[in-house]
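Engineer: Dropping in my_file.csv, which is CSV, C-alpha atoms:
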```csv
chain,number,residue,atom,x,y,z
A,1,MET,CA,10.3,14.3,5.8
A,2,ASP,CA,10.9,10.8,4.6
A,3,VAL,CA,10.6,11.1,0.9
A,4,VAL,CA,10.5,8.0,-1.2
A,5,PRO,CA,13.4,7.9,-3.7
A,6,ALA,CA,12.5,8.1,-7.3
A,7,LEU,CA,12.7,4.6,-8.9
A,8,THR,CA,12.9,3.8,-12.5
A,9,SER,CA,10.4,0.8,-12.4
A,10,PRO,CA,9.1,0.0,-8.9
A,11,GLU,CA,7.1,-3.1,-8.5
A,12,LEU,CA,3.6,-2.2,-7.5
A,13,SER,CA,1.8,-4.4,-5.0
A,14,LEU,CA,-2.0,-4.6,-5.3
A,15,VAL,CA,-4.1,-5.8,-2.3
A,16,ILE,CA,-7.5,-7.0,-3.3
A,17,PRO,CA,-9.8,-8.3,-0.6
A,18,VAL,CA,-12.5,-10.6,-1.9
A,19,TYR,CA,-15.7,-12.3,-0.7
A,20,ASN,CA,-17.3,-14.5,-3.2
A,21,GLU,CA,-16.2,-12.4,-6.2
A,22,GLY,CA,-16.0,-15.3,-8.6
A,23,ALA,CA,-18.4,-13.6,-11.0
A,24,ASN,CA,-16.5,-10.3,-11.0
A,25,PHE,CA,-12.9,-11.5,-10.9
A,26,PRO,CA,-12.3,-12.4,-14.6
A,27,ALA,CA,-13.4,-9.0,-15.7
A,28,LEU,CA,-11.3,-7.3,-13.0
A,29,TRP,CA,-8.2,-9.3,-14.0
A,30,SER,CA,-8.7,-8.4,-17.6
A,31,ALA,CA,-9.0,-4.7,-16.7
A,32,LEU,CA,-5.9,-4.9,-14.4
A,33,THR,CA,-3.7,-6.5,-17.1
A,34,SER,CA,-4.9,-4.3,-19.9
A,35,GLN,CA,-4.9,-0.9,-18.1
A,36,ILE,CA,-1.9,-1.0,-15.8
A,37,ARG,CA,1.5,-0.5,-17.5
A,38,SER,CA,3.5,-0.6,-14.2
A,39,ARG,CA,4.9,-3.9,-13.1
A,40,PHE,CA,2.7,-5.3,-10.4
A,41,ARG,CA,1.9,-8.3,-8.3
A,42,ALA,CA,-1.6,-8.8,-7.0
A,43,PHE,CA,-2.3,-10.3,-3.5
A,44,VAL,CA,-5.9,-11.5,-3.5
A,45,VAL,CA,-7.0,-12.1,0.0
A,46,TYR,CA,-9.9,-14.4,0.9
A,47,ASP,CA,-11.4,-15.4,4.2
A,48,PHE,CA,-12.4,-19.1,3.7
A,49,ASP,CA,-11.5,-21.9,1.3
A,50,GLU,CA,-15.0,-22.2,-0.1
A,51,ASP,CA,-15.0,-18.6,-1.4
A,52,ASP,CA,-16.0,-18.9,-5.0
A,53,THR,CA,-13.2,-16.5,-6.0
A,54,VAL,CA,-10.6,-19.2,-5.2
A,55,PRO,CA,-11.2,-21.6,-8.1
A,56,VAL,CA,-11.2,-18.6,-10.5
A,57,LEU,CA,-7.8,-17.6,-9.2
A,58,GLN,CA,-6.5,-21.1,-9.5
A,59,GLN,CA,-7.7,-21.3,-13.1
A,60,ILE,CA,-5.9,-18.0,-14.0
A,61,ILE,CA,-2.7,-19.2,-12.3
A,62,SER,CA,-2.9,-22.6,-14.0
A,63,ALA,CA,-2.9,-20.8,-17.4
A,64,GLY,CA,0.6,-19.5,-16.5
A,65,GLU,CA,-0.1,-16.2,-14.7
A,66,THR,CA,2.7,-15.5,-12.2
A,67,ARG,CA,1.6,-12.0,-11.0
A,68,LEU,CA,-1.4,-13.4,-9.1
A,69,VAL,CA,-0.9,-14.5,-5.5
A,70,PRO,CA,-3.9,-15.9,-3.5
A,71,VAL,CA,-3.5,-15.4,0.2
A,72,LYS,CA,-5.8,-16.7,3.0
A,73,ASN,CA,-6.7,-14.1,5.6
A,74,ASN,CA,-4.7,-14.8,8.7
A,75,VAL,CA,-5.3,-11.6,10.7
A,76,GLY,CA,-9.1,-11.7,11.3
A,77,ARG,CA,-12.1,-12.5,9.2
A,78,GLY,CA,-13.5,-9.5,7.3
A,79,VAL,CA,-12.3,-6.7,5.1
A,80,VAL,CA,-9.9,-5.1,7.7
A,81,GLY,CA,-8.2,-8.5,8.3
A,82,ALA,CA,-8.0,-9.1,4.6
A,83,ILE,CA,-6.4,-5.8,3.8
A,84,ARG,CA,-3.9,-6.1,6.7
A,85,THR,CA,-3.1,-9.6,5.6
A,86,GLY,CA,-2.3,-8.2,2.2
A,87,PHE,CA,-0.2,-5.4,3.6
A,88,ASN,CA,1.8,-8.0,5.5
A,89,GLN,CA,2.7,-9.7,2.2
A,90,VAL,CA,4.3,-6.6,0.8
A,91,GLU,CA,8.1,-6.3,1.1
A,92,GLY,CA,8.5,-2.8,-0.1
A,93,GLY,CA,7.5,-0.1,-2.6
A,94,PRO,CA,4.0,1.2,-3.3
A,95,VAL,CA,0.9,-0.7,-2.4
A,96,LEU,CA,-2.5,0.0,-3.7
A,97,VAL,CA,-5.9,-1.3,-2.4
A,98,ILE,CA,-8.3,-2.2,-5.1
A,99,MET,CA,-11.9,-3.5,-4.7
A,100,ALA,CA,-12.8,-6.6,-6.7
A,101,ASP,CA,-16.2,-5.2,-7.7
A,102,LEU,CA,-14.9,-3.1,-10.6
A,103,SER,CA,-15.8,0.1,-8.7
A,104,ASP,CA,-12.4,1.7,-8.9
A,105,ASP,CA,-10.9,3.7,-11.8
A,106,LEU,CA,-8.0,1.5,-12.9
A,107,ALA,CA,-7.0,4.0,-15.6
A,108,GLN,CA,-5.6,6.1,-12.8
A,109,VAL,CA,-3.2,3.5,-11.4
A,110,ASP,CA,-0.2,4.5,-13.5
A,111,GLN,CA,-0.6,8.1,-12.6
A,112,MET,CA,-0.8,7.1,-8.9
A,113,VAL,CA,2.5,5.3,-9.3
A,114,ASP,CA,4.0,8.4,-10.9
A,115,CYS,CA,3.0,10.4,-7.9
A,116,TYR,CA,4.7,7.9,-5.7
A,117,ARG,CA,7.9,8.3,-7.8
A,118,GLN,CA,7.7,12.0,-7.2
A,119,GLY,CA,7.9,11.4,-3.4
A,120,TYR,CA,4.2,11.3,-2.3
A,121,GLN,CA,3.6,8.7,0.3
A,122,VAL,CA,-0.2,8.6,0.2
A,123,VAL,CA,-2.0,9.0,-3.2
A,124,VAL,CA,-5.7,9.3,-3.0
A,125,GLY,CA,-8.2,8.5,-5.7
A,126,SER,CA,-10.6,11.4,-5.1
A,127,ARG,CA,-14.3,11.3,-6.1
A,128,TYR,CA,-15.0,14.7,-4.7
A,129,MET,CA,-12.3,16.9,-6.1
A,130,PRO,CA,-12.8,18.8,-9.4
A,131,GLY,CA,-13.0,16.1,-12.1
A,132,GLY,CA,-13.9,13.3,-9.8
A,133,ARG,CA,-17.3,11.5,-10.0
A,134,LEU,CA,-19.4,9.1,-7.9
A,135,LEU,CA,-21.8,7.0,-10.0
A,136,ASP,CA,-24.6,4.7,-8.9
A,137,ALA,CA,-23.8,4.9,-5.2
A,138,PRO,CA,-26.4,4.4,-2.5
A,139,PRO,CA,-27.5,8.0,-1.7
A,140,LEU,CA,-26.9,7.9,2.0
A,141,LYS,CA,-23.5,6.3,1.7
A,142,GLY,CA,-22.5,8.8,-1.0
A,143,ALA,CA,-23.7,11.8,1.0
A,144,MET,CA,-22.0,10.8,4.2
A,145,SER,CA,-18.6,10.1,2.5
A,146,ARG,CA,-18.8,13.4,0.6
A,147,VAL,CA,-19.6,15.4,3.7
A,148,ALA,CA,-16.8,13.7,5.7
A,149,GLY,CA,-14.2,14.2,2.9
A,150,LEU,CA,-15.1,17.8,2.1
A,151,THR,CA,-15.2,19.0,5.8
A,152,LEU,CA,-11.9,17.3,6.6
A,153,HIS,CA,-10.4,19.1,3.6
A,154,TRP,CA,-12.0,22.5,4.3
A,155,PHE,CA,-11.8,22.6,8.1
A,156,ARG,CA,-8.8,20.5,8.9
A,157,GLY,CA,-6.7,21.0,5.8
A,158,ILE,CA,-6.2,17.4,4.9
A,159,PRO,CA,-4.9,17.6,1.3
A,160,THR,CA,-7.6,15.4,-0.2
A,161,HIS,CA,-11.3,16.0,-0.7
A,162,ASP,CA,-12.0,12.2,-0.2
A,163,ALA,CA,-10.3,10.9,2.9
A,164,THR,CA,-12.7,8.0,3.2
A,165,ASN,CA,-12.1,6.4,-0.2
A,166,ALA,CA,-10.4,3.0,0.0
A,167,PHE,CA,-8.8,3.4,-3.5
A,168,LYS,CA,-5.5,4.7,-2.2
A,169,LEU,CA,-1.8,4.0,-2.9
A,170,TYR,CA,0.5,4.0,0.1
A,171,ASP,CA,4.3,3.8,0.6
A,172,SER,CA,4.6,0.4,2.3
A,173,LYS,CA,7.2,1.9,4.7
A,174,ILE,CA,4.6,4.1,6.4
A,175,LEU,CA,2.3,1.1,6.8
A,176,LYS,CA,5.0,-0.8,8.5
A,177,ASN,CA,5.7,2.2,10.8
A,178,MET,CA,2.1,2.7,11.7
A,179,THR,CA,-0.1,0.9,14.2
A,180,ILE,CA,-3.4,0.2,12.5
A,181,GLU,CA,-6.2,0.0,15.0
A,182,SER,CA,-9.3,-0.5,12.8
A,183,LYS,CA,-11.2,-3.7,13.4
A,184,ALA,CA,-14.6,-3.1,11.8
A,185,GLY,CA,-14.4,-2.3,8.1
A,186,PHE,CA,-13.4,0.3,5.5
A,187,GLU,CA,-12.8,3.0,8.1
A,188,LEU,CA,-9.2,1.6,7.9
A,189,SER,CA,-8.6,3.8,4.9
A,190,LEU,CA,-9.7,6.9,6.8
A,191,GLU,CA,-7.5,5.9,9.8
A,192,ILE,CA,-4.4,5.5,7.7
A,193,THR,CA,-5.0,8.8,5.9
A,194,VAL,CA,-5.6,10.8,9.1
A,195,LYS,CA,-2.6,9.3,10.8
A,196,ALA,CA,-0.4,9.9,7.8
A,197,PHE,CA,-1.6,13.6,7.7
A,198,LEU,CA,-0.9,14.1,11.4
A,199,ALA,CA,2.5,12.5,11.1
A,200,GLY,CA,3.5,14.9,8.3
A,201,TYR,CA,3.6,12.5,5.4
A,202,ARG,CA,3.1,13.8,1.9
A,203,ILE,CA,-0.4,13.3,0.5
A,204,VAL,CA,-1.8,14.1,-2.9
A,205,GLU,CA,-5.0,13.3,-4.7
A,206,LEU,CA,-6.1,12.5,-8.3
A,207,PRO,CA,-9.6,12.7,-9.7
A,208,THR,CA,-11.2,9.4,-10.0
A,209,THR,CA,-14.6,7.9,-11.0
A,210,TRP,CA,-16.2,5.4,-8.6
A,211,ARG,CA,-19.0,3.1,-10.0
A,212,GLY,CA,-21.5,1.0,-8.0
A,213,ARG,CA,-21.1,-2.7,-8.3
A,214,THR,CA,-23.1,-4.6,-11.0
A,215,GLN,CA,-22.7,-8.1,-9.7
A,216,GLY,CA,-22.3,-9.7,-6.3
A,217,GLU,CA,-23.2,-8.5,-2.9
A,218,SER,CA,-21.7,-5.4,-1.2
A,219,ARG,CA,-20.1,-6.0,2.2
A,220,PHE,CA,-20.3,-2.3,3.2
A,221,LYS,CA,-22.1,-2.0,6.5
A,222,ILE,CA,-22.7,1.7,7.0
A,223,TRP,CA,-24.5,1.7,10.3
A,224,ALA,CA,-22.2,-0.9,11.9
A,225,TRP,CA,-19.1,0.9,10.9
A,226,LEU,CA,-20.3,4.5,11.4
A,227,PRO,CA,-19.0,4.8,15.0
A,228,GLN,CA,-15.5,3.9,13.8
A,229,TYR,CA,-15.6,6.4,11.0
A,230,LEU,CA,-16.6,9.1,13.5
A,231,LYS,CA,-13.7,8.1,15.7
A,232,TRP,CA,-11.2,8.7,13.0
A,233,TYR,CA,-13.0,11.8,11.7
A,234,PHE,CA,-12.6,13.5,15.1
A,235,TYR,CA,-9.1,12.1,15.6
A,236,ALA,CA,-8.1,14.2,12.6
A,237,PHE,CA,-8.5,17.4,14.6
A,238,GLN,CA,-5.6,16.5,17.0
A,239,PRO,CA,-2.5,18.7,16.6
A,240,LYS,CA,-0.1,17.7,13.9
A,241,ARG,CA,3.3,16.2,14.6
A,242,SER,CA,6.3,18.3,13.4
A,243,SER,CA,7.3,16.0,10.6
A,244,ALA,CA,7.3,12.3,9.6
A,245,GLN,CA,10.3,10.2,10.5
```
Could you take the file, read its structure, and then write that structure out as structure tokens?

Structural biologist:
Amino acid sequence: MDVVPALTSPELSLVIPVYNEGANFPALWSALTSQIRSRFRAFVVYDFDEDDTVPVLQQIISAGETRLVPVKNNVGRGVVGAIRTGFNQVEGGPVLVIMADLSDDLAQVDQMVDCYRQGYQVVVGSRYMPGGRLLDAPPLKGAMSRVAGLTLHWFRGIPTHDATNAFKLYDSKILKNMTIESKAGFELSLEITVKAFLAGYRIVELPTTWRGRTQGESRFKIWAWLPQYLKWYFYAFQPKRSSAQ
């Protein structure tokens, strides 16, 4: 097993895909800077120059903020391309995917980094383990993700109740060693979790609270992405490899 060495103060890389999140981003940045004690750098990835998030980023940077790095998506338009573009910016250490809509529980970030320091290579923010909560979610979306996460945990033994949640911290080394095939949307987080499990990487979960967005438009496309989610759901039932290299 390839265990991450314990580091005194690793730099955390945040990957934040955005699509016209100008209304949300100031509150997100305030929350990030007030709630995360770990040293971090945030790669904010946008698809097009006219995205209304871009001038907000430029305003924050012009005020002297050096932790914020705007990056234009150069992999393929959409959330998968944005996240992969962000992954490609990371040189090493832990990387955490965060949504710009304030849905993720940022109070958990330092605990996730602590788990990384203990040698875990995937740290999952779990809505469906004891202590986790899902608030103001569309009923169908919530029911489907709950069923997928719980059945993968109960029947396949994946060590998280919430394999579909995008709010996950990864060791960047496993991302560099993994071929990511997702092209549609947030099924990418399920693909990475399933492949990490099958390869024998260490996975742990922490309870988290997810809240539905209050501003902006969701880009989650449940029916368009469902076939890809099903692909990686059933992929999880392949035999495990002996250990991660």

Engineer: Return the single residue from A:Ala100, A:Ile203, A:Ala27, A:Val109 that is closest to A:Val45, with distances computed using all atoms listed in the file.

Structural biologist: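 Nearest to A:Val45: A:Ala100.
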
Engineer: Enter the distance from atom CA of A:Gly78 to atom CA of A:Arg146, in Å, rounded to one decimal.

Structural biologist: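 Calculated distance between atom CA of A:Gly78 and atom CA of A:Arg146 is 24.4 Å.
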
Engineer: So what do you get for atom CA of A:Leu12 versus atom CA of A:Asp114, distance-wise?

Structural biologist: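 Atom-to-atom, atom CA of A:Leu12 to atom CA of A:Asp114, that is 11.1 Å.
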
Engineer: Calculate how many Å separate atom CA of A:Leu198 from atom CA of A:Gln238, rounding to one decimal.

Structural biologist: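 These two atoms are separated by 7.7 Å.
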
Engineer: Determine the nearest neighbour of A:Asn165 from the options A:Ala196, A:Val113, A:Val79, A:Ile98, counting all atoms listed in the file.

Structural biologist: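 Ranked by minimum distance to A:Asn165, first place goes to A:Ile98.
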
Engineer: Counting all atoms listed in the file, which residue out of A:Lys231, A:Lys168, A:Arg127, A:Lys240 sits closest to A:Ala199?

Structural biologist: A:Lys240

Engineer: Would you be able to write out as a ChimeraX atom specification which residues have an atom within 7 Å of (1.0, 0.7, -7.6) in the file's coordinates, counting all atoms listed in the file?

Structural biologist: /A:12-14,40,94-96,109,112-113,169

Engineer: For the contact check between stretch 130-238 of chain A and stretch 83-93 of chain A, emit one row per residue of stretch 130-238 of chain A within 7 Å, containing the shortest atom pair and the distance in Å rounded to one decimal, counting only C-alpha atoms, chain then rising number order, as CSV.

Structural biologist:
```
residue,atom,partner,partner_atom,distance
A:Asp171,CA,A:Gly93,CA,6.0
A:Ser172,CA,A:Gly92,CA,5.6
A:Lys173,CA,A:Gly92,CA,6.8
```

Engineer: Around the point (-7.3, 21.4, 8.5), in the coordinates given by the file, pick out the residues reaching within 10 Å, counting all atoms listed in the file, and return them as a count of residues only.

Structural biologist: 15

Engineer: Counting all atoms listed in the file, which residue out of A:Gly149, A:Gly64, A:Gly185, A:Pro70 sits closest to A:Val44?

Structural biologist: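 Result for the nearest residue to A:Val44: A:Pro70.
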
Engineer: From the list A:Val194, A:Val15, A:Val204, A:Val147, which residue is nearest A:Tyr235 when using all atoms listed in the file?

Structural biologist: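 Smallest distance to A:Tyr235 is found for A:Val194.
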
Engineer: Env of A:Phe167: 8 Å cut, atoms = all atoms listed in the file, seq-sep filter 5 positions within chain, self excluded. Answer as a list in words.

Structural biologist: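 Once the adjacent positions are removed, what remains is Leu96, Val97, Ile98, Met99, Asp104, Val124 and Gly125 of chain A.
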
Engineer: Find the residues near A:Asn20: any atom within 7 Å, counting all atoms listed in the file, skip ones fewer than 5 places away on the same chain, and give them as a PDB file with C-alpha atoms, keeping the file's coordinate frame.

Structural biologist:
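And here's selection04.pdb as it stands now:
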```pdb
ATOM      1  CA  ASP A  51     -15.000 -18.600  -1.400  1.00  0.00           C
ATOM      2  CA  ASP A  52     -16.000 -18.900  -5.000  1.00  0.00           C
ATOM      3  CA  THR A  53     -13.200 -16.500  -6.000  1.00  0.00           C
TER       4      THR A  53
END
```

Engineer: Between A:Gly212, A:Gly81, A:Gly200, A:Gly119, which is the closest to A:Ala137 once you count all atoms listed in the file?

Structural biologist: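 The answer is A:Gly212, which sits nearest to A:Ala137.
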
Engineer: Excluding A:Tyr229 and its own-chain neighbours fewer than 3 positions away, which residues fall within 6 Å of it when counting all atoms listed in the file? Please give them as a PyMOL selection string.

Structural biologist: chain A and resi 187+226+232

Engineer: Any chance you could model N, CA and C atoms for stretch 119-151 of chain A and send them as a PDB file, in the coordinates of the input?

Structural biologist:
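Printed below is rebuild04.pdb as written:
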```pdb
ATOM      1  N   GLY A 119       7.632  11.271  -4.849  1.00  0.00           N
ATOM      2  CA  GLY A 119       7.900  11.400  -3.400  1.00  0.00           C
ATOM      3  C   GLY A 119       6.655  11.492  -2.551  1.00  0.00           C
ATOM      4  N   TYR A 120       5.459  11.305  -3.123  1.00  0.00           N
ATOM      5  CA  TYR A 120       4.200  11.300  -2.300  1.00  0.00           C
ATOM      6  C   TYR A 120       4.074   9.921  -1.665  1.00  0.00           C
ATOM      7  N   GLN A 121       3.647   9.930  -0.414  1.00  0.00           N
ATOM      8  CA  GLN A 121       3.600   8.700   0.300  1.00  0.00           C
ATOM      9  C   GLN A 121       2.145   8.154   0.508  1.00  0.00           C
ATOM     10  N   VAL A 122       1.164   9.003   0.258  1.00  0.00           N
ATOM     11  CA  VAL A 122      -0.200   8.600   0.200  1.00  0.00           C
ATOM     12  C   VAL A 122      -0.807   9.257  -1.085  1.00  0.00           C
ATOM     13  N   VAL A 123      -1.348   8.457  -1.989  1.00  0.00           N
ATOM     14  CA  VAL A 123      -2.000   9.000  -3.200  1.00  0.00           C
ATOM     15  C   VAL A 123      -3.414   8.551  -3.209  1.00  0.00           C
ATOM     16  N   VAL A 124      -4.305   9.522  -3.203  1.00  0.00           N
ATOM     17  CA  VAL A 124      -5.700   9.300  -3.000  1.00  0.00           C
ATOM     18  C   VAL A 124      -6.469   9.385  -4.339  1.00  0.00           C
ATOM     19  N   GLY A 125      -7.241   8.367  -4.673  1.00  0.00           N
ATOM     20  CA  GLY A 125      -8.200   8.500  -5.700  1.00  0.00           C
ATOM     21  C   GLY A 125      -9.411   9.245  -5.206  1.00  0.00           C
ATOM     22  N   SER A 126      -9.651  10.456  -5.710  1.00  0.00           N
ATOM     23  CA  SER A 126     -10.600  11.400  -5.100  1.00  0.00           C
ATOM     24  C   SER A 126     -11.878  11.497  -5.974  1.00  0.00           C
ATOM     25  N   ARG A 127     -13.013  11.154  -5.384  1.00  0.00           N
ATOM     26  CA  ARG A 127     -14.300  11.300  -6.100  1.00  0.00           C
ATOM     27  C   ARG A 127     -14.864  12.678  -5.987  1.00  0.00           C
ATOM     28  N   TYR A 128     -14.379  13.469  -5.036  1.00  0.00           N
ATOM     29  CA  TYR A 128     -15.000  14.700  -4.700  1.00  0.00           C
ATOM     30  C   TYR A 128     -14.205  15.960  -5.036  1.00  0.00           C
ATOM     31  N   MET A 129     -13.019  15.792  -5.623  1.00  0.00           N
ATOM     32  CA  MET A 129     -12.300  16.900  -6.100  1.00  0.00           C
ATOM     33  C   MET A 129     -12.775  17.260  -7.520  1.00  0.00           C
ATOM     34  N   PRO A 130     -12.431  18.446  -8.054  1.00  0.00           N
ATOM     35  CA  PRO A 130     -12.800  18.800  -9.400  1.00  0.00           C
ATOM     36  C   PRO A 130     -12.359  17.664 -10.391  1.00  0.00           C
ATOM     37  N   GLY A 131     -13.266  17.167 -11.201  1.00  0.00           N
ATOM     38  CA  GLY A 131     -13.000  16.100 -12.100  1.00  0.00           C
ATOM     39  C   GLY A 131     -13.315  14.723 -11.642  1.00  0.00           C
ATOM     40  N   GLY A 132     -13.546  14.566 -10.334  1.00  0.00           N
ATOM     41  CA  GLY A 132     -13.900  13.300  -9.800  1.00  0.00           C
ATOM     42  C   GLY A 132     -15.429  13.052  -9.884  1.00  0.00           C
ATOM     43  N   ARG A 133     -15.840  11.786  -9.871  1.00  0.00           N
ATOM     44  CA  ARG A 133     -17.300  11.500 -10.000  1.00  0.00           C
ATOM     45  C   ARG A 133     -17.618  10.259  -9.131  1.00  0.00           C
ATOM     46  N   LEU A 134     -18.849  10.265  -8.669  1.00  0.00           N
ATOM     47  CA  LEU A 134     -19.400   9.100  -7.900  1.00  0.00           C
ATOM     48  C   LEU A 134     -20.682   8.724  -8.642  1.00  0.00           C
ATOM     49  N   LEU A 135     -20.693   7.496  -9.182  1.00  0.00           N
ATOM     50  CA  LEU A 135     -21.800   7.000 -10.000  1.00  0.00           C
ATOM     51  C   LEU A 135     -22.491   5.835  -9.367  1.00  0.00           C
ATOM     52  N   ASP A 136     -23.807   5.858  -9.360  1.00  0.00           N
ATOM     53  CA  ASP A 136     -24.600   4.700  -8.900  1.00  0.00           C
ATOM     54  C   ASP A 136     -24.317   4.283  -7.497  1.00  0.00           C
ATOM     55  N   ALA A 137     -24.038   5.240  -6.637  1.00  0.00           N
ATOM     56  CA  ALA A 137     -23.800   4.900  -5.200  1.00  0.00           C
ATOM     57  C   ALA A 137     -25.084   5.011  -4.439  1.00  0.00           C
ATOM     58  N   PRO A 138     -25.244   4.217  -3.389  1.00  0.00           N
ATOM     59  CA  PRO A 138     -26.400   4.400  -2.500  1.00  0.00           C
ATOM     60  C   PRO A 138     -26.396   5.853  -1.997  1.00  0.00           C
ATOM     61  N   PRO A 139     -27.518   6.553  -2.062  1.00  0.00           N
ATOM     62  CA  PRO A 139     -27.500   8.000  -1.700  1.00  0.00           C
ATOM     63  C   PRO A 139     -26.990   8.345  -0.368  1.00  0.00           C
ATOM     64  N   LEU A 140     -27.371   7.588   0.668  1.00  0.00           N
ATOM     65  CA  LEU A 140     -26.900   7.900   2.000  1.00  0.00           C
ATOM     66  C   LEU A 140     -25.403   7.719   2.134  1.00  0.00           C
ATOM     67  N   LYS A 141     -24.915   6.595   1.630  1.00  0.00           N
ATOM     68  CA  LYS A 141     -23.500   6.300   1.700  1.00  0.00           C
ATOM     69  C   LYS A 141     -22.695   7.413   0.954  1.00  0.00           C
ATOM     70  N   GLY A 142     -23.174   7.801  -0.229  1.00  0.00           N
ATOM     71  CA  GLY A 142     -22.500   8.800  -1.000  1.00  0.00           C
ATOM     72  C   GLY A 142     -22.487  10.181  -0.283  1.00  0.00           C
ATOM     73  N   ALA A 143     -23.641  10.543   0.290  1.00  0.00           N
ATOM     74  CA  ALA A 143     -23.700  11.800   1.000  1.00  0.00           C
ATOM     75  C   ALA A 143     -22.828  11.884   2.191  1.00  0.00           C
ATOM     76  N   MET A 144     -22.774  10.801   2.955  1.00  0.00           N
ATOM     77  CA  MET A 144     -22.000  10.800   4.200  1.00  0.00           C
ATOM     78  C   MET A 144     -20.473  10.855   3.846  1.00  0.00           C
ATOM     79  N   SER A 145     -20.033  10.095   2.834  1.00  0.00           N
ATOM     80  CA  SER A 145     -18.600  10.100   2.500  1.00  0.00           C
ATOM     81  C   SER A 145     -18.215  11.479   1.923  1.00  0.00           C
ATOM     82  N   ARG A 146     -19.108  12.093   1.144  1.00  0.00           N
ATOM     83  CA  ARG A 146     -18.800  13.400   0.600  1.00  0.00           C
ATOM     84  C   ARG A 146     -18.675  14.461   1.685  1.00  0.00           C
ATOM     85  N   VAL A 147     -19.622  14.466   2.623  1.00  0.00           N
ATOM     86  CA  VAL A 147     -19.600  15.400   3.700  1.00  0.00           C
ATOM     87  C   VAL A 147     -18.297  15.236   4.544  1.00  0.00           C
ATOM     88  N   ALA A 148     -17.972  13.986   4.849  1.00  0.00           N
ATOM     89  CA  ALA A 148     -16.800  13.700   5.700  1.00  0.00           C
ATOM     90  C   ALA A 148     -15.522  14.190   4.920  1.00  0.00           C
ATOM     91  N   GLY A 149     -15.412  13.840   3.643  1.00  0.00           N
ATOM     92  CA  GLY A 149     -14.200  14.200   2.900  1.00  0.00           C
ATOM     93  C   GLY A 149     -14.058  15.704   2.727  1.00  0.00           C
ATOM     94  N   LEU A 150     -15.143  16.388   2.382  1.00  0.00           N
ATOM     95  CA  LEU A 150     -15.100  17.800   2.100  1.00  0.00           C
ATOM     96  C   LEU A 150     -14.802  18.606   3.417  1.00  0.00           C
ATOM     97  N   THR A 151     -15.447  18.215   4.515  1.00  0.00           N
ATOM     98  CA  THR A 151     -15.200  19.000   5.800  1.00  0.00           C
ATOM     99  C   THR A 151     -13.833  18.739   6.314  1.00  0.00           C
TER     100      THR A 151
END
```
